[in-house]
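**Student:** Take this structure, written in structure tokens, and hold onto it; I'll ask about it next.
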Amino acid sequence: MRIVIAGGHGQIAMRLERLLTARGDQAVGVIRDPKQSGDLQEAGAEPLVLDLESAGVEEVAEALRGADAVVFAAGAGPNSGAERKDTVDRGAAVLFADAAERAGVRRYIVVSSMGADPEHGGDEVFDVYQRAKGQADAYVRSRANLDWTILRPGMLTNDAGTGRVLLAVSTGRGPVPRDDVAAILLELLDTPATAGLTLELISGSTPVAVAVRDVAGN
């Protein structure tokens with residue numbers, strides 16, 4: 001498979017790229033900074049320099065043509081202000097969805113945030129982030145030509161993955177290693193029957209493959 005990943009230098013994306021490469025798939029990481037290209041190449045991924053805050057939909061669509069699936073794992077980052085929460089966490093996700101539709105790529109997986117809500121109140125940066133993520137999720141869910149799955153992990157950690165998770169429509173709050181988020185994304189890519197689901201993810205006791213199989217089609 002050829003998988004194009006927005007936010008290709010992010011911690012989850014880099015883990016996913018390594019997993020895809022290890023099994024012989026082609027991972028393409030969309031990055032804004034060309035200096036990050038070497039890191040992606042070391043992970044076995046193809047770097048694609050493209051600024052999702054300034055690119056047009058046709059330019060992005062051209063980059064997505066021929067892909068089997070796309071993963072939106074981009075984010076403005078913890079030190080960014082409210083403005084970039086809107087332009088990246090909402091705007092770039094919307095652009096990527098529009099471009100996927102135009103390119104004829106149906107499978108669209110979003111790495112969202114637990115608690116994302118388009119009606120989330122408040123004016124703090126985190127409030128803006130949760131609202132932006134919620135608005136992006138709502139937009140993606142409205143696209144009839146996308147086979148979308150939205151994944152909302154709990155508190156992300158850099159602990160070693162356990163390969164055991166709790167994946168459900170509602171899980172409650174909890175931590176989850178980025179290793180396990182990447183492993184779940186890989187399984188979601190392999191499981192088209194998870195299209196149309198918005199899922200929360202935290203650490204648990206169910207093996208990753210079983211957890212995805214259990215929710216598929218529900």
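So you can find residues: chains in the structure tokens are A, B, ... in the order shown, residues in each start at 1, and ligands are numbered from 1 in order.
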So that I can check the surroundings of A:Glu101, please list as a list of chain:residue names every protein, DNA and RNA residue that reaches within 9 Å of it, counting only C-alpha atoms and ignoring chain neighbours fewer than 3 positions away.
**Tutor:**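 In the requested format, the answer is A:Ala61, A:Phe96, A:Ala97, A:Asp98, A:Gly104, A:Val105, A:Arg106, A:Arg143, A:Asn145, A:Leu146.
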**Student:** Would you mind listing what lies within 9 Å of A:Leu185 as a PDB file with all heavy atoms, in the first residue's frame, with only C-alpha atoms counted and same-chain residues fewer than 2 positions away left out?
**Tutor:**
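Below is the file result.pdb, written as the result:
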```
ATOM      1  N   LEU A  16       4.468   5.191  12.820  1.00  0.00           N
ATOM      2  CA  LEU A  16       3.654   4.520  11.803  1.00  0.00           C
ATOM      3  C   LEU A  16       4.462   4.286  10.532  1.00  0.00           C
ATOM      4  O   LEU A  16       4.355   3.221   9.905  1.00  0.00           O
ATOM      5  CB  LEU A  16       2.405   5.353  11.502  1.00  0.00           C
ATOM      6  CG  LEU A  16       1.480   4.816  10.406  1.00  0.00           C
ATOM      7  CD1 LEU A  16       0.977   3.416  10.731  1.00  0.00           C
ATOM      8  CD2 LEU A  16       0.308   5.778  10.190  1.00  0.00           C
ATOM      9  N   VAL A  71      -3.545   9.431   6.110  1.00  0.00           N
ATOM     10  CA  VAL A  71      -3.665   9.569   7.560  1.00  0.00           C
ATOM     11  C   VAL A  71      -3.363  11.012   7.914  1.00  0.00           C
ATOM     12  O   VAL A  71      -2.289  11.530   7.570  1.00  0.00           O
ATOM     13  CB  VAL A  71      -2.694   8.633   8.302  1.00  0.00           C
ATOM     14  CG1 VAL A  71      -2.807   8.843   9.815  1.00  0.00           C
ATOM     15  CG2 VAL A  71      -2.956   7.173   7.943  1.00  0.00           C
ATOM     16  N   ILE A 109      -8.015   8.449   7.560  1.00  0.00           N
ATOM     17  CA  ILE A 109      -7.942   8.225   9.004  1.00  0.00           C
ATOM     18  C   ILE A 109      -7.420   9.483   9.679  1.00  0.00           C
ATOM     19  O   ILE A 109      -6.409  10.061   9.251  1.00  0.00           O
ATOM     20  CB  ILE A 109      -7.058   7.013   9.337  1.00  0.00           C
ATOM     21  CG1 ILE A 109      -7.677   5.741   8.743  1.00  0.00           C
ATOM     22  CG2 ILE A 109      -6.883   6.861  10.851  1.00  0.00           C
ATOM     23  CD1 ILE A 109      -6.849   4.497   8.947  1.00  0.00           C
ATOM     24  N   VAL A 111      -6.096  11.306  13.224  1.00  0.00           N
ATOM     25  CA  VAL A 111      -5.672  11.250  14.624  1.00  0.00           C
ATOM     26  C   VAL A 111      -6.201  12.508  15.282  1.00  0.00           C
ATOM     27  O   VAL A 111      -5.710  13.609  15.043  1.00  0.00           O
ATOM     28  CB  VAL A 111      -4.143  11.160  14.759  1.00  0.00           C
ATOM     29  CG1 VAL A 111      -3.760  11.068  16.241  1.00  0.00           C
ATOM     30  CG2 VAL A 111      -3.602   9.960  13.994  1.00  0.00           C
ATOM     31  N   LEU A 151      -9.771   8.549  15.160  1.00  0.00           N
ATOM     32  CA  LEU A 151      -9.169   7.954  16.348  1.00  0.00           C
ATOM     33  C   LEU A 151      -8.844   9.048  17.346  1.00  0.00           C
ATOM     34  O   LEU A 151      -8.137  10.003  17.029  1.00  0.00           O
ATOM     35  CB  LEU A 151      -7.892   7.189  15.970  1.00  0.00           C
ATOM     36  CG  LEU A 151      -7.187   6.468  17.122  1.00  0.00           C
ATOM     37  CD1 LEU A 151      -8.054   5.329  17.665  1.00  0.00           C
ATOM     38  CD2 LEU A 151      -5.826   5.956  16.675  1.00  0.00           C
ATOM     39  N   ASP A 180       1.608   2.349  20.787  1.00  0.00           N
ATOM     40  CA  ASP A 180       0.348   1.627  20.624  1.00  0.00           C
ATOM     41  C   ASP A 180      -0.629   2.382  19.725  1.00  0.00           C
ATOM     42  O   ASP A 180      -1.447   1.769  19.027  1.00  0.00           O
ATOM     43  CB  ASP A 180      -0.284   1.341  21.986  1.00  0.00           C
ATOM     44  CG  ASP A 180       0.499   0.291  22.771  1.00  0.00           C
ATOM     45  OD1 ASP A 180       1.188  -0.533  22.144  1.00  0.00           O
ATOM     46  OD2 ASP A 180       0.435   0.306  24.021  1.00  0.00           O
ATOM     47  N   VAL A 181      -0.561   3.722  19.727  1.00  0.00           N
ATOM     48  CA  VAL A 181      -1.394   4.489  18.803  1.00  0.00           C
ATOM     49  C   VAL A 181      -1.001   4.159  17.365  1.00  0.00           C
ATOM     50  O   VAL A 181      -1.863   3.913  16.503  1.00  0.00           O
ATOM     51  CB  VAL A 181      -1.265   6.002  19.064  1.00  0.00           C
ATOM     52  CG1 VAL A 181      -2.106   6.784  18.053  1.00  0.00           C
ATOM     53  CG2 VAL A 181      -1.692   6.353  20.484  1.00  0.00           C
ATOM     54  N   ALA A 182       0.300   4.125  17.093  1.00  0.00           N
ATOM     55  CA  ALA A 182       0.766   3.797  15.751  1.00  0.00           C
ATOM     56  C   ALA A 182       0.347   2.386  15.352  1.00  0.00           C
ATOM     57  O   ALA A 182      -0.056   2.142  14.209  1.00  0.00           O
ATOM     58  CB  ALA A 182       2.278   3.951  15.669  1.00  0.00           C
ATOM     59  N   ALA A 183       0.431   1.457  16.300  1.00  0.00           N
ATOM     60  CA  ALA A 183       0.034   0.080  16.010  1.00  0.00           C
ATOM     61  C   ALA A 183      -1.450  -0.008  15.682  1.00  0.00           C
ATOM     62  O   ALA A 183      -1.858  -0.759  14.776  1.00  0.00           O
ATOM     63  CB  ALA A 183       0.375  -0.823  17.193  1.00  0.00           C
ATOM     64  N   GLU A 187      -3.439  -1.185  12.093  1.00  0.00           N
ATOM     65  CA  GLU A 187      -4.551  -2.128  12.024  1.00  0.00           C
ATOM     66  C   GLU A 187      -5.785  -1.491  11.391  1.00  0.00           C
ATOM     67  O   GLU A 187      -6.520  -2.139  10.646  1.00  0.00           O
ATOM     68  CB  GLU A 187      -4.887  -2.652  13.420  1.00  0.00           C
ATOM     69  CG  GLU A 187      -3.855  -3.597  14.000  1.00  0.00           C
ATOM     70  CD  GLU A 187      -3.825  -4.941  13.284  1.00  0.00           C
ATOM     71  OE1 GLU A 187      -4.850  -5.346  12.695  1.00  0.00           O
ATOM     72  OE2 GLU A 187      -2.763  -5.583  13.318  1.00  0.00           O
ATOM     73  N   LEU A 188      -6.027  -0.230  11.683  1.00  0.00           N
ATOM     74  CA  LEU A 188      -7.168   0.454  11.073  1.00  0.00           C
ATOM     75  C   LEU A 188      -7.005   0.539   9.564  1.00  0.00           C
ATOM     76  O   LEU A 188      -7.974   0.377   8.814  1.00  0.00           O
ATOM     77  CB  LEU A 188      -7.319   1.863  11.662  1.00  0.00           C
ATOM     78  CG  LEU A 188      -7.761   1.948  13.126  1.00  0.00           C
ATOM     79  CD1 LEU A 188      -7.733   3.398  13.598  1.00  0.00           C
ATOM     80  CD2 LEU A 188      -9.146   1.346  13.331  1.00  0.00           C
ATOM     81  N   LEU A 189      -5.788   0.793   9.103  1.00  0.00           N
ATOM     82  CA  LEU A 189      -5.538   0.836   7.665  1.00  0.00           C
ATOM     83  C   LEU A 189      -5.850  -0.502   7.016  1.00  0.00           C
ATOM     84  O   LEU A 189      -6.277  -0.557   5.858  1.00  0.00           O
ATOM     85  CB  LEU A 189      -4.079   1.222   7.405  1.00  0.00           C
ATOM     86  CG  LEU A 189      -3.721   2.694   7.635  1.00  0.00           C
ATOM     87  CD1 LEU A 189      -2.211   2.881   7.665  1.00  0.00           C
ATOM     88  CD2 LEU A 189      -4.346   3.573   6.555  1.00  0.00           C
ATOM     89  N   ASP A 190      -5.645  -1.577   7.756  1.00  0.00           N
ATOM     90  CA  ASP A 190      -5.883  -2.927   7.235  1.00  0.00           C
ATOM     91  C   ASP A 190      -7.331  -3.382   7.410  1.00  0.00           C
ATOM     92  O   ASP A 190      -7.674  -4.489   6.977  1.00  0.00           O
ATOM     93  CB  ASP A 190      -4.968  -3.937   7.946  1.00  0.00           C
ATOM     94  CG  ASP A 190      -3.515  -3.796   7.536  1.00  0.00           C
ATOM     95  OD1 ASP A 190      -3.244  -3.148   6.504  1.00  0.00           O
ATOM     96  OD2 ASP A 190      -2.649  -4.324   8.252  1.00  0.00           O
TER      97      ASP A 190
END
```
**Student:** Considering only strand (DSSP E or B) as DSSP defines it on the backbone, what residues of stretch 48-188 of chain A qualify? List them as a list in words.
**Tutor:**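 So, restricting stretch 48-188 of chain A to strand (DSSP E or B), we get Leu48, Val49, Ala69, Val70, Val71, Phe72, Arg107, Tyr108, Ile109, Val110, Val111, Asp147, Trp148, Thr149, Ile150, Leu151, Arg152, Pro153, Met155, Leu156, Thr157, Arg164, Val165, Leu166, Leu167, Ala168, Pro175, Val176 and Pro177 of chain A.
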**Student:** For the selection you just gave me, I'd like the residues written to a file as a short mmCIF file (atom, residue, chain, number, x, y, z; two decimals), in the first residue's frame, keeping C-alpha atoms.
**Tutor:**
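And here is the file that came out, again.cif:
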```
data_model
loop_
_atom_site.label_atom_id
_atom_site.label_comp_id
_atom_site.auth_asym_id
_atom_site.auth_seq_id
_atom_site.Cartn_x
_atom_site.Cartn_y
_atom_site.Cartn_z
CA LEU A 48 7.05 15.17 0.66
CA VAL A 49 7.61 18.88 1.34
CA ALA A 69 -5.13 5.73 2.08
CA VAL A 70 -4.24 8.93 3.88
CA VAL A 71 -3.67 9.57 7.56
CA PHE A 72 -4.04 13.04 9.06
CA ARG A 107 -9.75 5.86 3.02
CA TYR A 108 -9.11 8.72 5.43
CA ILE A 109 -7.94 8.23 9.00
CA VAL A 110 -7.73 11.12 11.45
CA VAL A 111 -5.67 11.25 14.62
CA ASP A 147 -14.37 6.12 4.20
CA TRP A 148 -13.24 7.84 7.37
CA THR A 149 -12.21 6.62 10.78
CA ILE A 150 -11.51 9.08 13.58
CA LEU A 151 -9.17 7.95 16.35
CA ARG A 152 -9.14 9.89 19.63
CA PRO A 153 -6.26 8.77 21.85
CA MET A 155 -2.98 11.18 27.14
CA LEU A 156 -0.01 10.35 24.92
CA THR A 157 3.16 8.97 26.51
CA ARG A 164 -2.65 -4.05 24.65
CA VAL A 165 -5.31 -1.37 24.54
CA LEU A 166 -8.90 -0.38 25.18
CA LEU A 167 -10.52 0.78 21.92
CA ALA A 168 -14.18 1.77 21.99
CA PRO A 175 -2.88 7.31 29.03
CA VAL A 176 -1.69 5.43 25.95
CA PRO A 177 1.84 5.05 24.55
#
```
**Student:** Between A:Asp39, A:Glu59, A:Asp179, A:Glu200, which one has atoms that come closest to A:Leu95, using only C-alpha atoms?
**Tutor:** A:Glu59
**Student:** Provide the atom CA of A:Ala138 to atom CA of A:Gly91 distance in Å, to one decimal place.
**Tutor:**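 Calculated distance between atom CA of A:Ala138 and atom CA of A:Gly91 is 12.3 Å.
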**Student:** Going by DSSP on the backbone, which residues of stretch 58-135 of chain A come out as helix (DSSP H, G or I)? List them as a ChimeraX atom specification.
**Tutor:** /A:58-64,82-103,125-135
**Student:** Would you mind exporting N, CA, C and O atoms of the selected residues as a compact mmCIF listing (two decimals), in the first residue's frame?
**Tutor:**
```txt
# COMPACT_ATOMS: atom_id res chain seq x y z
N GLU A 58 -5.83 21.70 -5.02
CA GLU A 58 -5.38 20.93 -6.18
C GLU A 58 -3.92 20.48 -6.02
O GLU A 58 -3.55 19.37 -6.42
N GLU A 59 -3.10 21.34 -5.42
CA GLU A 59 -1.70 20.98 -5.17
C GLU A 59 -1.61 19.77 -4.23
O GLU A 59 -0.84 18.84 -4.45
N VAL A 60 -2.44 19.78 -3.19
CA VAL A 60 -2.43 18.66 -2.25
C VAL A 60 -3.02 17.42 -2.90
O VAL A 60 -2.52 16.30 -2.73
N ALA A 61 -4.08 17.60 -3.68
CA ALA A 61 -4.70 16.46 -4.36
C ALA A 61 -3.69 15.77 -5.28
O ALA A 61 -3.66 14.53 -5.37
N GLU A 62 -2.89 16.55 -5.96
CA GLU A 62 -1.89 15.97 -6.85
C GLU A 62 -0.92 15.10 -6.07
O GLU A 62 -0.49 14.03 -6.54
N ALA A 63 -0.58 15.53 -4.85
CA ALA A 63 0.33 14.75 -4.02
C ALA A 63 -0.32 13.46 -3.52
O ALA A 63 0.38 12.49 -3.22
N LEU A 64 -1.64 13.44 -3.43
CA LEU A 64 -2.35 12.28 -2.90
C LEU A 64 -2.77 11.28 -3.96
O LEU A 64 -3.12 10.14 -3.62
N ALA A 82 -3.34 30.07 19.57
CA ALA A 82 -4.69 29.75 19.14
C ALA A 82 -4.86 29.84 17.63
O ALA A 82 -5.59 29.03 17.02
N GLU A 83 -4.18 30.79 16.99
CA GLU A 83 -4.34 30.97 15.55
C GLU A 83 -3.94 29.72 14.78
O GLU A 83 -4.64 29.29 13.87
N ARG A 84 -2.83 29.10 15.17
CA ARG A 84 -2.35 27.92 14.44
C ARG A 84 -3.16 26.67 14.82
O ARG A 84 -3.18 25.71 14.05
N LYS A 85 -3.80 26.68 15.97
CA LYS A 85 -4.72 25.57 16.25
C LYS A 85 -5.82 25.55 15.19
O LYS A 85 -6.25 24.48 14.75
N ASP A 86 -6.24 26.73 14.76
CA ASP A 86 -7.28 26.79 13.74
C ASP A 86 -6.74 26.47 12.36
O ASP A 86 -7.33 25.70 11.61
N THR A 87 -5.57 27.03 12.01
CA THR A 87 -5.07 26.85 10.65
C THR A 87 -4.54 25.44 10.41
O THR A 87 -4.60 24.93 9.29
N VAL A 88 -4.03 24.78 11.46
CA VAL A 88 -3.48 23.43 11.28
C VAL A 88 -4.49 22.37 11.73
O VAL A 88 -4.91 21.52 10.94
N ASP A 89 -4.87 22.39 13.01
CA ASP A 89 -5.69 21.32 13.56
C ASP A 89 -7.08 21.26 12.94
O ASP A 89 -7.68 20.19 12.84
N ARG A 90 -7.59 22.41 12.49
CA ARG A 90 -8.86 22.40 11.74
C ARG A 90 -8.61 22.55 10.25
O ARG A 90 -8.96 21.69 9.45
N GLY A 91 -7.99 23.66 9.87
CA GLY A 91 -7.88 24.01 8.46
C GLY A 91 -7.15 22.98 7.63
O GLY A 91 -7.59 22.62 6.53
N ALA A 92 -6.02 22.51 8.12
CA ALA A 92 -5.23 21.54 7.34
C ALA A 92 -5.97 20.21 7.22
O ALA A 92 -5.89 19.54 6.18
N ALA A 93 -6.69 19.82 8.26
CA ALA A 93 -7.47 18.57 8.20
C ALA A 93 -8.58 18.67 7.16
O ALA A 93 -8.84 17.72 6.42
N VAL A 94 -9.23 19.83 7.10
CA VAL A 94 -10.27 20.06 6.11
C VAL A 94 -9.68 20.04 4.70
O VAL A 94 -10.22 19.41 3.78
N LEU A 95 -8.56 20.75 4.53
CA LEU A 95 -7.88 20.77 3.23
C LEU A 95 -7.49 19.36 2.79
O LEU A 95 -7.69 18.98 1.63
N PHE A 96 -6.94 18.60 3.70
CA PHE A 96 -6.50 17.24 3.38
C PHE A 96 -7.69 16.36 2.98
O PHE A 96 -7.59 15.54 2.07
N ALA A 97 -8.81 16.56 3.65
CA ALA A 97 -10.02 15.81 3.31
C ALA A 97 -10.53 16.20 1.92
O ALA A 97 -10.88 15.33 1.10
N ASP A 98 -10.58 17.48 1.64
CA ASP A 98 -11.02 17.94 0.32
C ASP A 98 -10.10 17.41 -0.77
O ASP A 98 -10.56 16.97 -1.84
N ALA A 99 -8.79 17.43 -0.50
CA ALA A 99 -7.82 16.96 -1.48
C ALA A 99 -7.95 15.45 -1.70
O ALA A 99 -7.81 14.97 -2.83
N ALA A 100 -8.19 14.71 -0.63
CA ALA A 100 -8.37 13.26 -0.77
C ALA A 100 -9.57 12.96 -1.66
O ALA A 100 -9.52 12.09 -2.54
N GLU A 101 -10.67 13.67 -1.43
CA GLU A 101 -11.85 13.48 -2.28
C GLU A 101 -11.53 13.78 -3.73
O GLU A 101 -11.90 13.02 -4.63
N ARG A 102 -10.85 14.89 -3.96
CA ARG A 102 -10.54 15.28 -5.33
C ARG A 102 -9.61 14.27 -6.01
O ARG A 102 -9.70 14.03 -7.21
N ALA A 103 -8.72 13.67 -5.21
CA ALA A 103 -7.76 12.70 -5.74
C ALA A 103 -8.35 11.30 -5.86
O ALA A 103 -7.70 10.39 -6.37
N VAL A 125 -6.05 28.46 24.99
CA VAL A 125 -5.50 27.80 23.81
C VAL A 125 -5.98 26.35 23.71
O VAL A 125 -6.33 25.87 22.63
N PHE A 126 -6.03 25.66 24.85
CA PHE A 126 -6.48 24.26 24.81
C PHE A 126 -7.95 24.17 24.42
O PHE A 126 -8.36 23.23 23.73
N ASP A 127 -8.75 25.15 24.83
CA ASP A 127 -10.15 25.19 24.42
C ASP A 127 -10.26 25.35 22.90
O ASP A 127 -11.06 24.67 22.24
N VAL A 128 -9.46 26.25 22.36
CA VAL A 128 -9.46 26.47 20.91
C VAL A 128 -9.03 25.19 20.18
O VAL A 128 -9.59 24.82 19.15
N TYR A 129 -8.04 24.49 20.75
CA TYR A 129 -7.56 23.23 20.17
C TYR A 129 -8.67 22.19 20.13
O TYR A 129 -8.91 21.55 19.09
N GLN A 130 -9.36 22.01 21.26
CA GLN A 130 -10.43 21.00 21.30
C GLN A 130 -11.57 21.36 20.35
O GLN A 130 -12.16 20.48 19.72
N ARG A 131 -11.85 22.65 20.23
CA ARG A 131 -12.90 23.09 19.31
C ARG A 131 -12.45 22.87 17.86
O ARG A 131 -13.23 22.40 17.02
N ALA A 132 -11.20 23.20 17.56
CA ALA A 132 -10.68 23.04 16.20
C ALA A 132 -10.68 21.57 15.80
O ALA A 132 -11.07 21.21 14.67
N LYS A 133 -10.24 20.70 16.70
CA LYS A 133 -10.25 19.27 16.42
C LYS A 133 -11.68 18.77 16.20
O LYS A 133 -11.95 17.97 15.30
N GLY A 134 -12.60 19.24 17.03
CA GLY A 134 -13.99 18.83 16.89
C GLY A 134 -14.59 19.29 15.58
O GLY A 134 -15.34 18.55 14.93
N GLN A 135 -14.27 20.52 15.17
CA GLN A 135 -14.78 21.03 13.90
C GLN A 135 -14.22 20.25 12.72
O GLN A 135 -14.93 19.95 11.76
```
**Student:** I'd like the interatomic distance between atom CA of A:Gln11 and atom CA of A:Glu42, to a tenth of an Å.
**Tutor:**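 Taking atom CA of A:Gln11 and atom CA of A:Glu42, their separation equals 14.0 Å.
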**Student:** Using only C-alpha atoms, pick whichever of A:Leu201, A:Ile184, A:Ala67, A:Ala6 has the shortest atom-to-atom distance to A:Arg213.
**Tutor:**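 Counting only C-alpha atoms, the residue closest to A:Arg213 is A:Ile184.
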**Student:** In Å, with one decimal, what is the gap from atom CA of A:Tyr139 to atom CA of A:Leu40?
**Tutor:**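 One can read the atom CA of A:Tyr139 to atom CA of A:Leu40 distance as 29.3 Å.
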**Student:** I'd like the neighbourhood of stretch 24-27 of chain A as an MDAnalysis selection string, where a residue qualifies if any of its atoms comes within 7 Å (using only C-alpha atoms), though same-chain residues fewer than 4 positions away should be ignored.
**Tutor:** chainID A and resid 1:4 17 20 45:46
